[in-house]
>>> print(open('run16.tsv').read())   # TSV, C-alpha atoms and all ligand atoms
chain	number	residue	atom	x	y	z
S	29	MET	CA	92.75	131.31	138.53
S	30	LYS	CA	94.44	127.91	138.44
S	31	LYS	CA	97.58	127.72	136.35
S	32	PRO	CA	97.61	125.05	133.62
S	33	ASP	CA	99.48	121.99	134.87
S	34	VAL	CA	102.31	121.52	132.40
S	35	LYS	CA	103.11	118.06	133.77
S	36	ASN	CA	99.71	116.82	132.65
S	37	LYS	CA	100.11	118.17	129.15
S	38	PRO	CA	100.04	115.18	126.79
S	39	ASP	CA	103.25	114.57	124.82
S	40	ALA	CA	103.21	116.13	121.40
S	41	MET	CA	102.21	113.71	118.66
S	42	LYS	CA	105.34	112.02	117.28
S	43	LYS	CA	106.37	112.70	113.71
S	44	ILE	CA	107.75	110.10	111.30
S	45	VAL	CA	109.29	110.14	107.82
S	46	ILE	CA	108.96	106.99	105.70
S	47	LEU	CA	111.56	105.94	103.09
S	48	ILE	CA	110.52	103.71	100.19
S	49	SER	CA	111.87	102.39	96.89
S	50	GLY	CA	108.90	100.61	95.32
S	51	ARG	CA	105.32	99.41	95.47
S	52	GLY	CA	104.61	100.78	98.92
S	53	SER	CA	102.21	98.17	100.28
S	54	ASN	CA	103.81	98.47	103.73
S	55	LEU	CA	103.51	102.25	103.48
S	56	GLY	CA	99.83	101.72	102.63
S	57	ALA	CA	99.40	99.48	105.68
S	58	LEU	CA	100.96	102.18	107.89
S	59	LEU	CA	98.80	104.97	106.44
S	60	GLU	CA	95.67	102.85	106.72
S	61	SER	CA	96.26	102.13	110.42
S	62	THR	CA	95.32	104.88	112.77
S	63	LEU	CA	98.78	105.44	114.20
S	64	PRO	CA	99.52	107.80	117.08
S	65	CYS	CA	101.88	109.83	114.88
S	66	GLU	CA	101.94	112.23	111.99
S	67	VAL	CA	103.46	110.95	108.75
S	68	ALA	CA	105.34	114.11	107.77
S	69	ALA	CA	106.70	112.87	104.43
S	70	VAL	CA	107.39	109.90	102.20
S	71	ILE	CA	110.77	109.93	100.44
S	72	SER	CA	111.71	107.62	97.57
S	73	ASN	CA	115.05	107.05	95.86
S	74	LYS	CA	113.10	106.04	92.74
S	75	ALA	CA	110.85	108.45	90.82
S	76	ASP	CA	108.56	105.65	89.62
S	77	ALA	CA	107.90	104.08	93.04
S	78	GLY	CA	104.21	103.17	93.29
S	79	GLY	CA	104.24	104.16	96.96
S	80	LEU	CA	104.49	107.84	95.98
S	81	GLU	CA	100.93	107.71	94.62
S	82	ILE	CA	99.71	106.04	97.80
S	83	ALA	CA	101.27	108.84	99.86
S	84	THR	CA	99.70	111.52	97.68
S	85	ALA	CA	96.30	109.82	97.96
S	86	TYR	CA	96.61	110.16	101.74
S	87	GLY	CA	97.67	113.83	101.42
S	88	VAL	CA	101.21	113.11	102.61
S	89	ALA	CA	104.11	115.21	101.22
S	90	THR	CA	106.48	113.32	98.91
S	91	ARG	CA	110.08	113.86	97.84
S	92	VAL	CA	112.23	111.96	95.33
S	93	ILE	CA	116.01	111.80	95.60
S	94	SER	CA	117.78	109.51	93.13
S	95	HIS	CA	120.95	107.84	94.33
S	96	LYS	CA	122.08	107.95	90.69
S	97	ASP	CA	122.53	111.72	90.93
S	98	TYR	CA	125.28	111.32	93.55
S	99	ALA	CA	128.92	110.31	93.16
S	100	ASP	CA	128.91	107.86	96.06
S	101	ARG	CA	126.89	106.52	98.99
S	102	ALA	CA	128.21	109.15	101.40
S	103	ALA	CA	127.10	112.02	99.13
S	104	PHE	CA	123.65	110.45	98.61
S	105	ASP	CA	123.17	109.79	102.32
S	106	THR	CA	124.20	113.36	103.23
S	107	ALA	CA	121.65	114.78	100.79
S	108	LEU	CA	118.98	112.30	101.94
S	109	ALA	CA	119.53	113.23	105.59
S	110	ALA	CA	119.28	116.94	104.72
S	111	ILE	CA	115.81	116.38	103.20
S	112	ILE	CA	114.68	114.16	106.09
S	113	ASP	CA	115.84	116.74	108.65
S	114	THR	CA	113.73	119.52	107.11
S	115	PHE	CA	110.76	117.54	108.52
S	116	GLN	CA	112.34	117.11	111.99
S	117	PRO	CA	110.99	113.57	112.47
S	118	ASP	CA	111.14	111.61	115.72
S	119	PHE	CA	111.54	108.38	113.74
S	120	VAL	CA	112.67	107.41	110.24
S	121	VAL	CA	110.98	104.29	108.92
S	122	LEU	CA	112.38	102.12	106.09
S	123	ALA	CA	109.42	100.52	104.29
S	124	GLY	CA	110.93	98.59	101.39
S	125	PHE	CA	113.83	101.02	101.07
S	126	MET	CA	116.49	99.25	99.01
S	127	ARG	CA	119.70	101.26	99.54
S	128	ILE	CA	122.27	100.23	102.12
S	129	LEU	CA	122.94	103.23	104.39
S	130	THR	CA	126.36	104.48	105.51
S	131	ASP	CA	127.50	104.29	109.13
S	132	ASP	CA	127.36	108.10	109.39
S	133	PHE	CA	123.71	108.14	108.32
S	134	VAL	CA	122.80	105.35	110.74
S	135	HIS	CA	124.61	107.09	113.64
S	136	HIS	CA	122.83	110.38	112.87
S	137	TYR	CA	119.48	108.59	113.48
S	138	ALA	CA	120.65	106.17	116.19
S	139	GLY	CA	117.65	104.71	118.00
S	140	ARG	CA	115.29	106.52	115.66
S	141	LEU	CA	115.69	104.39	112.50
S	142	VAL	CA	113.67	101.19	111.94
S	143	ASN	CA	113.29	98.72	109.07
S	144	ILE	CA	110.98	95.92	108.03
S	145	HIS	CA	112.83	92.93	106.65
S	146	PRO	CA	111.21	89.93	104.90
S	147	SER	CA	112.80	87.09	106.91
S	148	LEU	CA	113.12	85.84	110.47
S	149	LEU	CA	116.38	87.62	111.26
S	150	PRO	CA	119.20	86.77	111.86
S	151	SER	CA	118.41	84.23	109.13
S	152	PHE	CA	118.56	85.56	105.58
S	153	PRO	CA	119.78	89.13	105.87
S	154	GLY	CA	120.11	91.04	102.57
S	155	VAL	CA	118.05	90.50	99.45
S	156	ASN	CA	116.16	87.58	97.79
S	157	THR	CA	115.13	86.23	101.18
S	158	HIS	CA	112.22	84.10	100.00
S	159	GLU	CA	114.26	82.31	97.30
S	160	ARG	CA	116.99	81.60	99.85
S	161	ALA	CA	114.54	80.35	102.47
S	162	LEU	CA	113.09	77.87	99.95
S	163	GLU	CA	116.57	76.76	98.86
S	164	GLU	CA	117.54	76.08	102.48
S	165	GLY	CA	114.33	74.12	103.08
S	166	VAL	CA	113.31	75.97	106.24
S	167	LYS	CA	109.81	75.08	107.41
S	168	ILE	CA	109.09	78.40	109.09
S	169	HIS	CA	109.80	81.80	107.55
S	170	GLY	CA	108.57	85.30	108.29
S	171	CYS	CA	109.38	88.94	108.79
S	172	THR	CA	111.10	91.21	111.29
S	173	VAL	CA	110.90	94.86	112.33
S	174	HIS	CA	114.23	95.99	113.82
S	175	PHE	CA	116.23	99.07	114.72
S	176	VAL	CA	118.80	99.82	112.03
S	177	THR	CA	122.46	99.66	113.06
S	178	PRO	CA	125.55	99.84	110.84
S	179	LYS	CA	125.69	96.03	110.51
S	180	LEU	CA	123.14	95.23	107.81
S	181	ASP	CA	119.92	93.64	109.10
S	182	HIS	CA	121.46	92.92	112.53
S	183	GLY	CA	119.94	95.65	114.69
S	184	PRO	CA	117.84	94.88	117.79
S	185	ILE	CA	114.57	93.15	116.99
S	186	ILE	CA	111.26	94.79	117.94
S	187	ILE	CA	108.76	92.24	116.62
S	188	GLN	CA	108.61	89.20	114.33
S	189	ALA	CA	105.86	87.14	112.69
S	190	ALA	CA	106.22	83.60	111.35
S	191	VAL	CA	104.46	81.71	108.59
S	192	PRO	CA	104.73	78.04	107.63
S	193	VAL	CA	106.60	77.21	104.43
S	194	LEU	CA	104.32	75.00	102.32
S	195	ARG	CA	105.42	71.98	100.30
S	196	HIS	CA	104.78	73.49	96.89
S	197	ASP	CA	105.67	77.07	97.74
S	198	THR	CA	107.14	79.39	95.16
S	199	PRO	CA	109.08	82.52	96.15
S	200	GLN	CA	106.05	84.57	95.04
S	201	ALA	CA	103.50	82.57	97.06
S	202	LEU	CA	105.72	82.61	100.14
S	203	ALA	CA	106.41	86.36	99.72
S	204	ALA	CA	102.66	87.03	99.59
S	205	ARG	CA	102.06	85.07	102.80
S	206	VAL	CA	104.91	86.88	104.55
S	207	LEU	CA	103.70	90.26	103.24
S	208	GLN	CA	100.31	89.79	104.94
S	209	GLN	CA	102.17	89.45	108.23
S	210	GLU	CA	104.39	92.46	107.45
S	211	HIS	CA	101.21	94.52	107.15
S	212	ARG	CA	100.21	93.38	110.67
S	213	ILE	CA	103.48	93.76	112.58
S	214	PHE	CA	104.77	96.96	111.00
S	215	PRO	CA	101.92	99.21	112.21
S	216	GLN	CA	102.14	97.47	115.59
S	217	ALA	CA	105.87	98.23	115.91
S	218	ILE	CA	105.44	101.87	114.86
S	219	ARG	CA	102.58	102.25	117.35
S	220	TRP	CA	104.79	100.88	120.19
S	221	LEU	CA	107.63	103.22	119.16
S	222	CYS	CA	105.45	106.31	119.01
S	223	GLU	CA	103.82	105.48	122.33
S	224	GLY	CA	107.27	105.06	123.92
S	225	ARG	CA	106.55	101.42	124.77
S	226	VAL	CA	109.68	100.18	123.01
S	227	ARG	CA	113.06	101.82	122.44
S	228	MET	CA	116.70	101.04	121.84
S	229	ASP	CA	118.68	101.65	125.01
S	230	ALA	CA	122.18	103.15	125.25
S	231	SER	CA	123.81	99.71	124.97
S	232	GLY	CA	121.92	98.97	121.75
S	233	ARG	CA	119.40	96.58	123.32
S	234	ILE	CA	115.61	96.65	123.24
S	235	ALA	CA	113.85	98.15	126.25
S	236	ALA	CA	110.17	97.29	126.13
S	237	SER	CA	107.02	96.85	128.15
S	238	CYS	CA	105.04	94.45	126.01
S	239	ASP	CA	102.68	91.58	126.74
S	240	GLU	CA	104.11	88.14	126.14
S	241	LEU	CA	102.25	85.05	125.00
S	242	ALA	CA	104.18	82.17	126.55
S	243	SER	CA	101.95	79.41	125.21
S	244	ALA	CA	101.91	80.46	121.55
S	245	SER	CA	103.64	78.24	118.97
S	246	LEU	CA	103.80	77.53	115.29
S	247	ILE	CA	104.76	73.97	114.29
S	248	SER	CA	105.34	73.33	110.62
S	249	PRO	CA	104.53	70.93	109.04
S	250	GLN	CA	101.67	69.84	111.31
S	251	SER	CA	101.68	66.26	109.99
S	252	ALA	CA	103.71	64.11	107.61
E	301	LIG	N1	121.54	100.14	106.17
E	301	LIG	C1	122.20	99.77	107.27
E	301	LIG	N2	123.34	100.40	107.52
E	301	LIG	N3	121.77	98.79	108.10
E	301	LIG	C2	120.64	98.13	107.81
E	301	LIG	O1	120.23	97.18	108.64
E	301	LIG	C3	119.89	98.47	106.66
E	301	LIG	C4	120.39	99.50	105.85
E	301	LIG	C5	119.71	99.88	104.68
E	301	LIG	C6	118.58	99.21	104.30
E	301	LIG	C7	116.96	97.37	104.56
E	301	LIG	C8	117.51	96.00	104.12
E	301	LIG	C9	116.47	94.89	104.14
E	301	LIG	O2	115.48	94.95	104.87
E	301	LIG	C10	118.10	98.15	105.08
E	301	LIG	C11	118.73	97.79	106.28
E	301	LIG	C12	118.92	96.89	100.72
E	301	LIG	C13	119.96	95.97	100.61
E	301	LIG	C14	120.86	95.97	99.39
E	301	LIG	O3	121.65	95.05	99.21
E	301	LIG	C15	120.16	95.07	101.63
E	301	LIG	C16	119.36	95.11	102.75
E	301	LIG	C17	118.33	96.04	102.88
E	301	LIG	C18	118.11	96.92	101.85
E	301	LIG	N4	120.80	97.00	98.53
E	301	LIG	C19	121.62	97.18	97.33
E	301	LIG	C20	122.66	98.31	97.55
E	301	LIG	O4	123.68	98.26	96.85
E	301	LIG	C21	120.78	97.55	96.14
E	301	LIG	C22	119.74	96.51	95.83
E	301	LIG	C23	118.67	97.00	94.85
E	301	LIG	O5	118.67	98.20	94.47
E	301	LIG	O6	117.82	96.16	94.47
E	301	LIG	O7	122.41	99.23	98.35
E	301	LIG	O8	116.69	93.87	103.46
E	302	LIG	C1	108.63	94.13	101.58
E	302	LIG	O1	108.46	92.74	101.53
E	302	LIG	C2	109.78	94.50	102.48
E	302	LIG	O2	109.88	93.68	103.62
E	302	LIG	C3	110.95	94.26	101.58
E	302	LIG	O3	110.54	94.73	100.32
E	302	LIG	C4	109.13	94.64	100.22
E	302	LIG	C5	108.59	96.01	99.91
E	302	LIG	O4	107.25	95.93	99.58
E	302	LIG	N1	112.10	94.95	102.01
E	302	LIG	C6	113.28	94.59	101.64
E	302	LIG	O5	113.50	93.61	100.96
E	302	LIG	C7	114.38	95.52	102.09
E	302	LIG	N2	115.59	95.06	101.54
E	302	LIG	P1	106.31	97.19	99.64
E	302	LIG	O6	107.02	98.27	98.80
E	302	LIG	O7	105.04	96.75	98.99
E	302	LIG	O8	106.17	97.59	101.06
>>> encode(input="run16.tsv", output="structure tokens", more="lines below")
Ligand code: NHR
Ligand code: GAR
Amino acid sequence: MKKPDVKNKPDAMKKIVILISGRGSNLGALLESTLPCEVAAVISNKADAGGLEIATAYGVATRVISHKDYADRAAFDTALAAIIDTFQPDFVVLAGFMRILTDDFVHHYAGRLVNIHPSLLPSFPGVNTHERALEEGVKIHGCTVHFVTPKLDHGPIIIQAAVPVLRHDTPQALAARVLQQEHRIFPQAIRWLCEGRVRMDASGRIAASCDELASASLISPQSA
């Protein structure tokens, strides 16, 4: 009888854990997409995060760990990592997670930790990105999925999407337009990661095999 060929055995399905703090629309977009991975758990640092109900509706395990129960960031991050590691994920995905993470935490998940950020990084790292984009008068804004490194919102970029800023935009209207794009690029990035098509190499750069679209452009405004 022929022995099974181990080399042809397909890679085990990747496992991810998703961290949230709020509404969870990006979490919903990930769960709605048919991703080539198992979502092992959703963890929130806020007990009232709407995303917890979305996770439960999809039959995904949830955990809550409040940063307020810990003396400092290091203690919170140690406890958070202990919960994450019970699920043994391949990747940890920040989907609207609002706590800055310590260097030790980031190093523990080096190359396995990604975030979606509501601006075209490196512009507008941090919070209140849409307000700041409007104040600066930029004509193109957007969102970024990147690997997380100790320097806040400066890790290697996996994918970005841009939207025009409109003349009478409000932070809310602009946020809604950006959010639609977040829901497109986030599942795409997680798919690439889980398929091994993109990774962070040893020197902290992106290694990828993706299709490029050299002729694409977004000019804003189109006319004056
Ligand atoms: N941690 C590290 N080390 N590096 C990054 O790139 C990180 C990170 C943790 C979170 C997400 C990020 C974003 O997409 C993220 C990237 C929270 C804050 C923040 O100021 C800033 C950036 C991000 C997330 N948080 C406040 C804090 O004191 C709390 C704000 C609040 O609770 O509303 O942690 O923008
Ligand atoms: C999203 O716009 C996400 O990019 C942003 O918070 C929102 C979460 O929405 N993240 C940050 O600002 C991180 N600092 P969601 O809970 O509906 O996905």
>>> axis_aligned_box(input="run16.tsv", around="range 49-57 of chain S", padding_each_side="6 Å", output="AutoDock Vina command-line options")
--center_x 105.6 --center_y 100.3 --center_z 100.5 --size_x 24.5 --size_y 16.2 --size_z 22.4
>>> residues_around(input="run16.tsv", residues="range 215-226 of chain S", least_positions_apart="3", cutoff="8 Å", atoms="only C-alpha atoms", output="PyMOL selection string")
chain S and resi 42+57-58+61+63-65+173+186-187+211-212+234-238
>>> closest_residue(input="run16.tsv", among="S:Thr198, S:Asn54, S:Ser147, S:Thr84", to="ligand LIG 301 (chain E)", atoms="only C-alpha atoms and all ligand atoms")
S:Ser147
>>> atom_distance(input="run16.tsv", atom1="atom C5 of ligand LIG 301 (chain E)", atom2="CA of Asn73 in chain S")
12.3 Å
>>> residues_near_ligand(input="run16.tsv", ligand="ligand LIG 302 (chain E)", cutoff="9 Å", atoms="only C-alpha atoms and all ligand atoms", output="ChimeraX atom specification")
/S:48-57,77-79,122-128,143-147,153-157,171-173,181,203-204,206-207,210-211
>>> closest_residue(input="run16.tsv", among="S:Leu180, S:Ile213, S:Ala230, S:Val88", to="ligand LIG 301 (chain E)", atoms="all atoms listed in the file")
S:Leu180
>>> closest_residue(input="run16.tsv", among="S:Met41, S:Val142, S:Met228, S:Val67", to="ligand LIG 301 (chain E)", atoms="only C-alpha atoms and all ligand atoms")
S:Val142
>>> atom_distance(input="run16.tsv", atom1="atom C16 of ligand LIG 301 (chain E)", atom2="CA of Val45 in chain S")
18.8 Å
>>> closest_residue(input="run16.tsv", among="S:Gln188, S:Gln200, S:Thr177, S:Gln208", to="ligand LIG 301 (chain E)", atoms="all atoms listed in the file")
S:Thr177
>>> residues_around(input="run16.tsv", residues="His169 in chain S", least_positions_apart="5", cutoff="12 Å", atoms="only C-alpha atoms", output="ChimeraX atom specification")
/S:145-152,157-162,164,188-194,197,199,202-207,209-210,246-248
>>> write_last_selection(input="run16.tsv", atoms="C-alpha atoms", output="PDB file, in the coordinates of the input")
ATOM      1  CA  HIS S 145     112.830  92.930 106.650  1.00  0.00           C
ATOM      2  CA  PRO S 146     111.210  89.930 104.900  1.00  0.00           C
ATOM      3  CA  SER S 147     112.800  87.090 106.910  1.00  0.00           C
ATOM      4  CA  LEU S 148     113.120  85.840 110.470  1.00  0.00           C
ATOM      5  CA  LEU S 149     116.380  87.620 111.260  1.00  0.00           C
ATOM      6  CA  PRO S 150     119.200  86.770 111.860  1.00  0.00           C
ATOM      7  CA  SER S 151     118.410  84.230 109.130  1.00  0.00           C
ATOM      8  CA  PHE S 152     118.560  85.560 105.580  1.00  0.00           C
ATOM      9  CA  THR S 157     115.130  86.230 101.180  1.00  0.00           C
ATOM     10  CA  HIS S 158     112.220  84.100 100.000  1.00  0.00           C
ATOM     11  CA  GLU S 159     114.260  82.310  97.300  1.00  0.00           C
ATOM     12  CA  ARG S 160     116.990  81.600  99.850  1.00  0.00           C
ATOM     13  CA  ALA S 161     114.540  80.350 102.470  1.00  0.00           C
ATOM     14  CA  LEU S 162     113.090  77.870  99.950  1.00  0.00           C
ATOM     15  CA  GLU S 164     117.540  76.080 102.480  1.00  0.00           C
ATOM     16  CA  GLN S 188     108.610  89.200 114.330  1.00  0.00           C
ATOM     17  CA  ALA S 189     105.860  87.140 112.690  1.00  0.00           C
ATOM     18  CA  ALA S 190     106.220  83.600 111.350  1.00  0.00           C
ATOM     19  CA  VAL S 191     104.460  81.710 108.590  1.00  0.00           C
ATOM     20  CA  PRO S 192     104.730  78.040 107.630  1.00  0.00           C
ATOM     21  CA  VAL S 193     106.600  77.210 104.430  1.00  0.00           C
ATOM     22  CA  LEU S 194     104.320  75.000 102.320  1.00  0.00           C
ATOM     23  CA  ASP S 197     105.670  77.070  97.740  1.00  0.00           C
ATOM     24  CA  PRO S 199     109.080  82.520  96.150  1.00  0.00           C
ATOM     25  CA  LEU S 202     105.720  82.610 100.140  1.00  0.00           C
ATOM     26  CA  ALA S 203     106.410  86.360  99.720  1.00  0.00           C
ATOM     27  CA  ALA S 204     102.660  87.030  99.590  1.00  0.00           C
ATOM     28  CA  ARG S 205     102.060  85.070 102.800  1.00  0.00           C
ATOM     29  CA  VAL S 206     104.910  86.880 104.550  1.00  0.00           C
ATOM     30  CA  LEU S 207     103.700  90.260 103.240  1.00  0.00           C
ATOM     31  CA  GLN S 209     102.170  89.450 108.230  1.00  0.00           C
ATOM     32  CA  GLU S 210     104.390  92.460 107.450  1.00  0.00           C
ATOM     33  CA  LEU S 246     103.800  77.530 115.290  1.00  0.00           C
ATOM     34  CA  ILE S 247     104.760  73.970 114.290  1.00  0.00           C
ATOM     35  CA  SER S 248     105.340  73.330 110.620  1.00  0.00           C
TER      36      SER S 248
END
>>> decode(input="run16.tsv", residues="range 130-141 of chain S", atoms="all heavy atoms", output="CSV table (one decimal), in the first residue's frame")
chain,number,residue,atom,x,y,z
S,130,THR,N,2.5,47.5,25.2
S,130,THR,CA,4.0,47.7,25.6
S,130,THR,C,4.9,47.0,24.6
S,130,THR,O,4.5,46.1,23.8
S,130,THR,CB,4.2,47.0,26.9
S,130,THR,OG1,3.7,45.6,26.9
S,130,THR,CG2,3.4,47.7,28.1
S,131,ASP,N,6.2,47.4,24.6
S,131,ASP,CA,7.2,46.8,23.7
S,131,ASP,C,7.2,45.3,23.9
S,131,ASP,O,7.4,44.5,23.0
S,131,ASP,CB,8.5,47.4,24.0
S,131,ASP,CG,8.6,48.8,23.5
S,131,ASP,OD1,7.6,49.4,23.2
S,131,ASP,OD2,9.7,49.4,23.5
S,132,ASP,N,7.2,44.8,25.2
S,132,ASP,CA,7.3,43.4,25.5
S,132,ASP,C,6.2,42.6,24.8
S,132,ASP,O,6.4,41.6,24.2
S,132,ASP,CB,7.2,43.1,27.0
S,132,ASP,CG,8.5,43.4,27.7
S,132,ASP,OD1,9.5,43.7,27.0
S,132,ASP,OD2,8.5,43.4,28.9
S,133,PHE,N,4.9,43.2,24.9
S,133,PHE,CA,3.8,42.5,24.2
S,133,PHE,C,4.0,42.4,22.7
S,133,PHE,O,3.9,41.4,22.1
S,133,PHE,CB,2.5,43.3,24.5
S,133,PHE,CG,1.3,42.7,24.0
S,133,PHE,CD1,0.4,41.9,24.8
S,133,PHE,CD2,0.9,42.9,22.7
S,133,PHE,CE1,-0.7,41.3,24.3
S,133,PHE,CE2,-0.3,42.3,22.1
S,133,PHE,CZ,-1.1,41.5,23.0
S,134,VAL,N,4.4,43.5,22.1
S,134,VAL,CA,4.6,43.6,20.7
S,134,VAL,C,5.7,42.6,20.3
S,134,VAL,O,5.6,41.9,19.3
S,134,VAL,CB,4.9,45.0,20.2
S,134,VAL,CG1,5.4,45.1,18.8
S,134,VAL,CG2,3.7,45.9,20.5
S,135,HIS,N,6.8,42.5,21.0
S,135,HIS,CA,7.9,41.6,20.7
S,135,HIS,C,7.4,40.2,20.8
S,135,HIS,O,7.8,39.3,20.0
S,135,HIS,CB,9.1,41.8,21.6
S,135,HIS,CG,9.9,43.1,21.2
S,135,HIS,ND1,10.3,44.0,22.2
S,135,HIS,CD2,10.2,43.6,20.0
S,135,HIS,CE1,10.9,45.0,21.5
S,135,HIS,NE2,10.9,44.8,20.2
S,136,HIS,N,6.6,39.9,21.8
S,136,HIS,CA,6.1,38.5,22.0
S,136,HIS,C,5.4,38.0,20.7
S,136,HIS,O,5.4,36.8,20.4
S,136,HIS,CB,5.2,38.5,23.2
S,136,HIS,CG,4.6,37.1,23.5
S,136,HIS,ND1,5.4,36.1,24.0
S,136,HIS,CD2,3.3,36.6,23.5
S,136,HIS,CE1,4.6,35.0,24.2
S,136,HIS,NE2,3.4,35.3,23.9
S,137,TYR,N,4.7,39.0,20.0
S,137,TYR,CA,3.9,38.6,18.8
S,137,TYR,C,4.5,39.2,17.5
S,137,TYR,O,3.8,39.4,16.5
S,137,TYR,CB,2.5,39.1,18.9
S,137,TYR,CG,1.7,38.5,20.1
S,137,TYR,CD1,1.5,39.2,21.3
S,137,TYR,CD2,1.3,37.1,20.1
S,137,TYR,CE1,0.8,38.6,22.4
S,137,TYR,CE2,0.6,36.5,21.1
S,137,TYR,CZ,0.4,37.3,22.3
S,137,TYR,OH,-0.2,36.7,23.3
S,138,ALA,N,5.8,39.4,17.6
S,138,ALA,CA,6.5,40.0,16.4
S,138,ALA,C,6.2,39.3,15.1
S,138,ALA,O,6.3,38.0,15.0
S,138,ALA,CB,8.0,40.0,16.6
S,139,GLY,N,5.7,40.0,14.1
S,139,GLY,CA,5.4,39.5,12.8
S,139,GLY,C,4.0,38.7,12.8
S,139,GLY,O,3.6,38.2,11.8
S,140,ARG,N,3.4,38.7,13.9
S,140,ARG,CA,2.1,38.0,14.0
S,140,ARG,C,1.0,38.9,14.5
S,140,ARG,O,-0.2,38.5,14.7
S,140,ARG,CB,2.2,36.8,15.0
S,140,ARG,CG,3.3,35.8,14.6
S,140,ARG,CD,3.1,34.5,15.4
S,140,ARG,NE,3.4,34.7,16.8
S,140,ARG,CZ,2.7,34.1,17.8
S,140,ARG,NH1,1.6,33.4,17.5
S,140,ARG,NH2,3.0,34.3,19.0
S,141,LEU,N,1.3,40.3,14.6
S,141,LEU,CA,0.3,41.2,15.2
S,141,LEU,C,0.0,42.3,14.1
S,141,LEU,O,0.9,43.0,13.6
S,141,LEU,CB,1.0,41.8,16.4
S,141,LEU,CG,0.2,42.8,17.3
S,141,LEU,CD1,-1.1,42.1,17.9
S,141,LEU,CD2,1.1,43.3,18.5
